[in-house]
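Pasting run_21.cif here (mmCIF, C-alpha atoms):
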data_entry
#
loop_
_atom_site.label_atom_id
_atom_site.label_comp_id
_atom_site.auth_asym_id
_atom_site.auth_seq_id
_atom_site.Cartn_x
_atom_site.Cartn_y
_atom_site.Cartn_z
CA MET A 282 38.40 160.09 -1.73
CA VAL A 283 41.97 159.19 -2.68
CA ALA A 284 43.49 161.14 -5.57
CA GLU A 285 44.61 158.93 -8.46
CA PRO A 286 48.21 157.75 -8.00
CA PHE A 287 50.69 158.57 -10.78
CA ALA A 288 48.22 160.88 -12.55
CA HIS A 289 50.56 163.83 -12.04
CA THR A 290 54.04 162.29 -11.93
CA SER A 291 56.88 162.06 -14.40
CA GLY A 292 59.45 159.33 -14.94
CA PRO A 293 59.20 155.55 -14.64
CA ARG A 294 56.68 154.39 -12.05
CA ASP A 295 58.94 151.58 -10.88
CA ALA A 296 62.00 153.82 -10.43
CA LYS A 297 64.20 152.92 -7.47
CA VAL A 298 64.52 156.59 -6.54
CA VAL A 299 61.58 158.95 -6.03
CA VAL A 300 61.93 162.72 -5.80
CA VAL A 301 59.16 164.35 -3.76
CA GLY A 302 58.59 168.09 -4.03
CA GLU A 303 56.19 170.36 -2.19
CA ALA A 304 53.30 171.58 -4.33
CA TRP A 305 52.62 172.92 -7.81
CA GLY A 306 53.75 176.25 -9.18
CA GLU A 307 52.30 178.05 -12.19
CA GLN A 308 53.82 175.81 -14.86
CA GLU A 309 53.01 172.63 -12.96
CA GLU A 310 49.39 173.72 -12.69
CA LEU A 311 49.24 174.34 -16.45
CA THR A 312 50.82 171.02 -17.44
CA GLY A 313 49.72 168.74 -14.59
CA ARG A 314 53.32 167.51 -14.21
CA PRO A 315 55.90 168.19 -11.46
CA PHE A 316 59.10 170.19 -11.81
CA VAL A 317 58.50 171.72 -15.23
CA GLY A 318 58.94 175.39 -14.27
CA ALA A 319 62.05 177.30 -13.22
CA SER A 320 62.53 175.11 -10.13
CA GLY A 321 62.31 171.98 -12.26
CA GLN A 322 64.89 173.30 -14.68
CA GLU A 323 67.27 174.07 -11.84
CA LEU A 324 66.62 170.62 -10.37
CA THR A 325 67.64 169.06 -13.69
CA ARG A 326 70.87 171.07 -13.72
CA MET A 327 71.73 170.12 -10.14
CA LEU A 328 70.97 166.44 -10.80
CA THR A 329 73.26 166.56 -13.82
CA ASP A 330 76.03 168.19 -11.76
CA ALA A 331 75.64 165.37 -9.23
CA GLY A 332 75.88 162.69 -11.91
CA ILE A 333 72.19 161.69 -11.78
CA SER A 334 69.95 161.34 -14.82
CA ARG A 335 66.50 162.83 -14.29
CA LYS A 336 64.91 160.31 -16.67
CA ASP A 337 65.78 157.50 -14.23
CA LEU A 338 63.78 159.08 -11.39
CA LEU A 339 60.10 159.17 -10.51
CA LEU A 340 59.18 162.77 -9.76
CA THR A 341 56.11 163.74 -7.77
CA THR A 342 54.90 166.30 -5.24
CA THR A 343 53.45 166.11 -1.75
CA LEU A 344 50.41 168.05 -2.93
CA ALA A 345 49.40 167.96 -6.59
CA ILE A 346 47.70 171.35 -6.31
CA ARG A 347 48.84 174.97 -6.43
CA PRO A 348 48.54 176.98 -3.20
CA THR A 349 47.15 180.48 -3.49
CA ALA A 350 50.01 182.87 -4.29
CA ASN A 351 52.33 179.83 -3.91
CA ASN A 352 51.91 180.16 -0.15
CA MET A 353 51.52 176.85 1.70
CA ASP A 354 49.74 178.66 4.53
CA SER A 355 46.75 179.05 2.21
CA LEU A 356 46.21 175.29 2.49
CA CYS A 357 46.37 175.33 6.28
CA ALA A 358 44.31 176.33 9.28
CA SER A 359 44.70 176.54 13.04
CA LYS A 360 44.42 173.55 15.35
CA LYS A 361 41.01 174.80 16.47
CA ASP A 362 39.75 174.93 12.89
CA VAL A 363 40.94 171.43 11.92
CA GLY A 364 39.76 169.86 15.19
CA PHE A 365 41.71 168.94 18.28
CA ASN A 366 41.58 165.23 17.40
CA TYR A 367 43.58 165.98 14.24
CA ALA A 368 46.47 163.50 14.14
CA LEU A 369 49.05 165.15 11.88
CA ALA A 370 51.79 167.48 13.06
CA PRO A 371 51.66 171.07 11.83
CA LEU A 372 53.51 171.99 8.65
CA ARG A 373 54.95 174.80 10.74
CA GLN A 374 53.97 176.33 14.05
CA GLY A 375 50.22 176.75 14.22
CA LYS A 376 49.62 175.75 10.58
CA TYR A 377 47.82 172.43 9.99
CA LEU A 378 46.97 171.02 6.57
CA LEU A 379 43.24 171.31 5.96
CA PRO A 380 41.46 167.90 6.07
CA GLU A 381 40.17 168.36 2.51
CA TYR A 382 43.75 167.96 1.25
CA LEU A 383 44.53 164.76 3.15
CA PRO A 384 43.67 162.60 0.09
CA GLU A 385 46.78 164.08 -1.49
CA LEU A 386 48.87 162.42 1.20
CA ALA A 387 47.15 159.08 0.59
CA ARG A 388 47.90 159.48 -3.13
CA LEU A 389 51.58 160.17 -2.43
CA GLU A 390 51.84 157.17 -0.13
CA ALA A 391 50.34 154.95 -2.83
CA GLU A 392 52.96 156.20 -5.29
CA LEU A 393 55.80 155.55 -2.86
CA THR A 394 54.70 152.03 -1.97
CA ALA A 395 53.52 150.76 -5.37
CA TYR A 396 56.99 149.42 -6.21
CA PRO A 397 60.17 148.67 -4.25
CA ARG A 398 62.15 151.85 -3.68
CA ASN A 399 65.76 152.35 -2.62
CA LEU A 400 65.53 156.03 -1.75
CA VAL A 401 63.17 158.96 -1.50
CA ILE A 402 64.69 162.42 -1.97
CA ALA A 403 62.54 164.90 -0.03
CA LEU A 404 62.86 168.41 -1.42
CA GLY A 405 61.79 171.20 0.91
CA ALA A 406 59.93 171.61 4.18
CA THR A 407 56.57 170.18 3.06
CA ALA A 408 58.10 166.94 1.78
CA CYS A 409 60.13 166.63 4.99
CA TRP A 410 56.98 167.17 7.02
CA ALA A 411 55.08 164.47 5.11
CA LEU A 412 57.87 161.88 5.28
CA LEU A 413 59.82 162.68 8.44
CA GLY A 414 57.17 164.29 10.61
CA ARG A 415 58.78 167.72 10.79
CA GLY A 416 59.57 170.41 8.25
CA ALA A 417 62.90 171.63 9.62
CA VAL A 418 64.75 170.97 6.38
CA GLY A 419 67.74 173.08 7.44
CA THR A 420 68.27 170.74 10.39
CA LEU A 421 67.35 167.48 8.68
CA ARG A 422 69.03 167.86 5.29
CA GLY A 423 71.84 165.59 4.20
CA VAL A 424 71.18 162.77 6.68
CA VAL A 425 69.38 159.59 5.59
CA ALA A 426 66.59 158.47 7.91
CA HIS A 427 63.57 156.18 7.82
CA SER A 428 60.24 157.70 6.95
CA VAL A 429 58.02 157.99 10.01
CA GLY A 430 55.08 159.68 8.29
CA LEU A 431 53.95 158.36 4.94
CA ALA A 432 55.27 154.95 3.85
CA PRO A 433 57.03 154.18 7.16
CA GLY A 434 60.41 152.56 6.81
CA LEU A 435 61.42 153.99 3.43
CA LYS A 436 64.89 155.50 3.31
CA VAL A 437 64.66 159.27 2.95
CA LEU A 438 67.32 161.87 2.22
CA PRO A 439 66.03 165.44 2.67
CA THR A 440 67.51 168.57 1.14
CA TYR A 441 66.50 172.07 0.11
CA HIS A 442 63.90 172.63 -2.61
CA PRO A 443 65.19 174.07 -5.91
CA SER A 444 62.99 177.12 -5.36
CA ALA A 445 65.00 177.84 -2.20
CA VAL A 446 68.17 177.61 -4.28
CA LEU A 447 66.80 180.15 -6.74
CA ARG A 448 66.15 182.49 -3.81
CA ASN A 449 69.50 181.81 -2.14
CA TRP A 450 72.22 180.69 -4.54
CA ALA A 451 74.56 179.77 -1.67
CA LEU A 452 72.37 176.70 -1.04
CA ARG A 453 73.10 175.25 -4.47
CA VAL A 454 76.45 173.69 -3.60
CA ILE A 455 74.85 172.09 -0.52
CA VAL A 456 72.03 170.56 -2.55
CA ILE A 457 74.50 169.18 -5.09
CA ALA A 458 76.54 167.63 -2.27
CA ASP A 459 73.34 166.07 -0.90
CA LEU A 460 72.44 164.75 -4.36
CA ILE A 461 75.90 163.20 -4.73
CA LYS A 462 75.23 161.44 -1.45
CA ALA A 463 71.79 160.45 -2.77
CA LYS A 464 73.43 158.83 -5.77
CA ARG A 465 75.48 156.61 -3.45
CA GLU A 466 72.46 155.82 -1.29
CA SER A 467 70.33 154.94 -4.32
CA GLU A 468 72.23 151.68 -4.79
CA PHE A 469 70.57 149.94 -1.81
CA PRO A 470 67.34 150.33 0.21
CA GLU A 471 68.67 149.94 3.75
CA ILE A 472 70.38 152.55 5.91
CA ARG A 473 74.01 151.61 6.47
CA ARG A 474 75.47 153.30 9.52
CA PRO A 475 79.21 152.99 10.26
CA GLN A 476 80.07 150.51 13.00
CA ARG A 477 82.01 152.05 15.86
CA GLN A 478 83.03 151.06 19.38
CA VAL A 479 82.82 153.96 21.81
CA LEU A 480 83.75 153.34 25.44
CA ALA A 481 81.58 155.59 27.61
CA ASP A 482 81.47 155.86 31.42
CA PRO A 483 84.86 154.16 31.80
CA SER A 484 86.58 153.15 34.99
CA LEU A 485 90.22 154.01 35.60
CA VAL A 486 91.10 150.46 34.61
CA ASP A 487 89.14 150.91 31.37
CA ILE A 488 91.04 154.11 30.58
CA GLU A 489 94.41 152.50 31.21
CA ASP A 490 93.48 149.49 29.09
CA TRP A 491 92.24 151.68 26.20
CA PHE A 492 95.39 153.83 26.37
CA ASN A 493 97.70 150.83 26.16
CA ARG A 494 95.62 148.99 23.57
CA GLU A 495 94.51 151.81 21.27
CA ALA A 496 96.26 155.11 21.92
CA LYS A 497 99.89 154.33 22.74
CA ASP A 498 100.79 153.09 19.26
CA ALA A 499 98.15 154.98 17.27
CA SER A 500 99.22 156.59 14.00
CA ILE A 501 96.92 159.54 14.75
CA LEU A 502 94.79 160.52 17.74
CA SER A 503 91.61 162.55 17.44
CA CYS A 504 90.76 164.77 20.41
CA ASP A 505 87.59 166.64 21.32
CA ILE A 506 86.33 168.36 24.45
CA GLU A 507 82.88 169.40 25.65
CA THR A 508 82.47 172.38 27.95
CA ALA A 509 79.93 174.00 30.25
CA ASN A 510 80.25 176.95 32.63
CA ARG A 511 83.74 177.63 31.25
CA ALA A 512 85.03 174.20 32.28
CA ILE A 513 85.74 170.92 30.50
CA THR A 514 82.93 168.45 31.17
CA CYS A 515 84.43 165.54 29.21
CA ILE A 516 87.13 164.75 26.69
CA GLY A 517 87.05 162.17 23.93
CA PHE A 518 89.83 160.40 22.05
CA ALA A 519 89.63 158.28 18.91
CA SER A 520 92.51 156.16 17.67
CA SER A 521 90.76 155.19 14.44
CA THR A 522 87.42 155.51 12.68
CA THR A 523 86.10 152.59 14.71
CA SER A 524 87.46 152.98 18.25
CA ALA A 525 86.98 155.85 20.70
CA ILE A 526 86.69 156.64 24.40
CA CYS A 527 84.87 159.40 26.27
CA ILE A 528 86.31 160.37 29.65
CA PRO A 529 83.73 162.33 31.69
CA PHE A 530 84.44 164.77 34.50
CA ALA A 531 81.42 166.96 35.25
CA ASP A 532 78.30 164.79 35.44
CA ASN A 533 75.02 165.83 37.05
CA ARG A 534 73.95 162.22 37.41
CA TYR A 535 76.16 161.93 40.48
CA PRO A 536 76.23 163.77 43.85
CA GLY A 537 78.30 166.92 43.69
CA GLY A 538 78.17 166.94 39.90
CA SER A 539 81.38 164.95 39.43
CA TYR A 540 81.66 161.67 37.56
CA TRP A 541 84.56 160.51 39.74
CA PRO A 542 83.82 159.36 43.31
CA ASP A 543 86.82 161.14 44.88
CA HIS A 544 89.55 163.67 44.19
CA ALA A 545 92.29 161.05 43.77
CA SER A 546 90.33 159.20 41.06
CA GLU A 547 89.71 162.42 39.11
CA VAL A 548 93.39 163.37 39.29
CA THR A 549 94.34 159.95 37.95
CA ALA A 550 91.88 160.34 35.07
CA TRP A 551 93.40 163.73 34.19
CA ARG A 552 96.86 162.13 34.23
CA TRP A 553 95.72 159.67 31.58
CA VAL A 554 94.39 162.61 29.54
CA LYS A 555 97.79 164.29 29.89
CA ALA A 556 99.56 161.12 28.78
CA ALA A 557 97.37 160.85 25.70
CA LEU A 558 97.87 164.50 24.73
CA GLU A 559 101.67 164.13 25.07
CA LEU A 560 101.93 161.10 22.80
CA PRO A 561 104.19 161.75 19.78
CA CYS A 562 101.56 160.81 17.20
CA PRO A 563 99.79 163.61 15.26
CA LYS A 564 96.70 165.05 16.95
CA LEU A 565 93.47 165.83 15.12
CA PHE A 566 90.94 168.42 16.30
CA GLN A 567 87.72 170.02 15.07
CA ASN A 568 88.00 173.78 15.59
CA GLY A 569 91.05 173.00 17.66
CA MET A 570 91.79 176.56 18.75
CA TYR A 571 88.74 176.35 21.02
CA ASP A 572 89.84 173.05 22.58
CA LEU A 573 93.48 174.03 22.88
CA ASN A 574 92.56 177.23 24.71
CA TYR A 575 90.81 175.23 27.45
CA LEU A 576 93.54 172.59 27.61
CA TYR A 577 96.27 175.25 27.78
CA ARG A 578 94.53 177.00 30.68
CA MET A 579 94.58 173.69 32.56
CA GLY A 580 98.33 173.35 32.04
CA PHE A 581 98.28 170.79 29.24
CA ARG A 582 100.70 171.13 26.32
CA VAL A 583 99.41 169.10 23.39
CA ARG A 584 102.18 167.51 21.38
CA ASN A 585 102.16 167.45 17.56
CA CYS A 586 98.91 169.30 16.81
CA LEU A 587 98.81 168.66 13.09
CA HIS A 588 95.27 168.49 11.72
CA ASP A 589 92.00 170.39 12.11
CA THR A 590 89.00 168.97 10.27
CA MET A 591 87.18 172.31 10.24
CA LEU A 592 90.10 174.12 8.65
CA LEU A 593 90.77 171.32 6.17
CA HIS A 594 87.12 171.21 5.14
CA HIS A 595 86.98 174.98 4.82
CA SER A 596 90.12 175.08 2.69
CA ILE A 597 88.63 172.56 0.26
CA PHE A 598 85.02 173.81 0.35
CA PRO A 599 85.18 177.50 1.34
CA GLU A 600 81.65 178.05 0.06
CA MET A 601 80.16 175.54 2.50
CA GLN A 602 79.25 175.72 6.16
CA LYS A 603 81.86 174.31 8.52
CA SER A 604 80.03 173.29 11.71
CA LEU A 605 80.61 169.73 12.88
CA GLY A 606 76.98 168.77 12.32
CA PHE A 607 77.07 170.06 8.75
CA MET A 608 80.37 168.32 8.03
CA GLY A 609 78.97 165.10 9.44
CA SER A 610 76.04 165.28 7.02
CA ILE A 611 78.39 165.77 4.07
CA HIS A 612 81.30 163.46 4.86
CA THR A 613 79.75 160.65 6.92
CA ASN A 614 76.65 158.52 7.10
CA GLU A 615 76.08 159.01 10.80
CA ALA A 616 72.64 159.74 12.17
CA SER A 617 72.00 163.37 13.13
CA TRP A 618 73.43 163.24 16.65
CA LYS A 619 72.25 166.74 17.50
CA LEU A 620 68.65 165.64 16.91
CA MET A 621 69.26 162.51 18.98
CA ARG A 622 70.24 164.74 21.90
CA HIS A 623 67.06 166.81 21.55
CA LYS A 624 64.98 163.64 21.27
CA LYS A 625 66.50 162.35 24.49
CA LYS A 626 65.58 165.60 26.26
CA GLU A 627 62.01 165.35 24.94
CA GLU A 628 61.75 161.77 26.24
CA GLU A 629 63.07 162.86 29.65
CA LEU A 630 60.50 165.66 29.82
CA LYS A 631 57.69 163.24 28.98
CA ARG A 632 58.82 160.87 31.75
CA ASP A 633 58.79 163.76 34.19
CA GLU A 634 55.22 164.80 33.30
#

Could you take the file, read its structure, and then write that structure out as C-alpha cells?
Amino acid sequence: MVAEPFAHTSGPRDAKVVVVGEAWGEQEELTGRPFVGASGQELTRMLTDAGISRKDLLLTTTLAIRPTANNMDSLCASKKDVGFNYALAPLRQGKYLLPEYLPELARLEAELTAYPRNLVIALGATACWALLGRGAVGTLRGVVAHSVGLAPGLKVLPTYHPSAVLRNWALRVIVIADLIKAKRESEFPEIRRPQRQVLADPSLVDIEDWFNREAKDASILSCDIETANRAITCIGFASSTTSAICIPFADNRYPGGSYWPDHASEVTAWRWVKAALELPCPKLFQNGMYDLNYLYRMGFRVRNCLHDTMLLHHSIFPEMQKSLGFMGSIHTNEASWKLMRHKKKEEELKRDE
C-alpha cells in the first residue's frame, strides 16, 4: 500500500526545487511535517545564508516515520532477513530497509514526479541512497548527478544533513557552498557539464601540433603530474579551460609497461615536456610542491611558477577542505571523476568474472 503523497510535506507542491531529508525526528513526529525541529531551524538559516527562500521549496523526507532512538538501523535488517531476491542496495553495509517500509519510497517517488522539477537537494546518507543508489554522502556531495534510484533522470545535488552540521559545525560552510551551487542549478532541469577538448594517447606529431597551436603562445599553462612507484606516469597541460593534453609514459596496457614503443620516442616526448615547462608564460599547479619535487629530480627547471590553485583556495577559504576533488565540487560543474575511476574498475572486474 502506497503512503499518501504530500500528506507530510511542506511548501508548494509544484515547487521547482525539492529538498529530501532522511526520516522524522521528535518534532516531525509530533507535527507530521518535515524539518520543524532543530535540524529544520538550522536548514532555514543555511538556506537564508545561501540566498534561498525556504517558502519556495517543497520539503519532504525519504521516510515519513521516526526510527527508534533516531537510528536508521532500527528500520533495517540483514540480507538474509529481507530475502536474497531483494532488489535495493543496502543503506549501509549489511543494513537493508525492511520491506514494510518500501511504500515510503513509492510515496516519495510520487511526490518527486507529480510536477516538473529542476532540482532535488538530497540531504544526508538516506536521501542519497534513495536517489543515487549509495549513501556515501561525503563522497557524493556537491556534484550534480541524475537520479538512478527513485524518479530516474531527475537532477540531484547531495549534501550533508543539517543534523550532521549540528554535530560537526565545520560542515556548515560546506553545506552553504553546496546550497549556493543548488541555487544556480535550480534555474534549469538539465545537467550542464563544461565542454572541454582533452587530447589523450597522443602521438609525437600530436604533441608537437598541440604545443605549437595551444601552448607556445598561451597566456598561462596549467601543469599536473600523476605518479606511481615514485615515478611520473603521465603529465598533463592545459592552455585554457577548454583545451588540454595528457602525455603518458608508464602504461600497463603495453608490453614492458611503457606507452612509447622505443627509447627514442620516449626521449622525444620528454623533450616536448621540457619545452612546455620552460615557456615564459606563468605556470599553474595544484599542490605544486609535490609536482615540482618530481620534476626537479628529473632535471626539469620549471619557468615562472606563479599560481597554485590549492594555496589560492586555502587562502580564500581556510575553513574548507583543499583536495582537488573537493575543490572541483565547489568551483566547477564537472562530474565526480574519482567516482568515474572507481566505476571503471568495477566494470573491468565484472568483465573479468

- [ ] Let me know the residues the PyMOL selection byres ((chain A and resi 500) around 6) catches in the file above, as a PyMOL selection string.
- [x] chain A and resi 499+501+562

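When only C-alpha atoms are used to measure the gap to Ile457 of chain A, the shortest distance among A:Trp541, A:Tyr441, A:Phe530, A:Phe581 belongs to A:Tyr441.
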
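Computed from the coordinates, the atom CA of Arg534 of chain A to atom CA of Arg552 of chain A distance equals 23.1 Å.
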
Task: Residues matched by the PyMOL selection byres ((chain A and resi 392-404) around 8) as a count of residues only - done: 39

TODO: Specify as an NGL selection string each residue included when the PyMOL selection byres ((chain A and resi 478) around 12) is applied to this file.
DONE: :A and (475-477 or 479-481 or 491 or 495 or 518-527)

Open item on the list: Restricting the calculation to all atoms listed in the file: of A:Pro371, A:Gly306, A:Gly364, A:Pro384, which residue gets closest to Pro348 of chain A?
Closed with: A:Gly306

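The space separating atom CA of Thr312 of chain A from atom CA of Gly292 of chain A comes to 14.7 Å.
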
TODO: Measure the distance from atom CA of Asp589 of chain A to atom CA of Ser610 of chain A in Å and round it to one decimal.
DONE: 17.5 Å
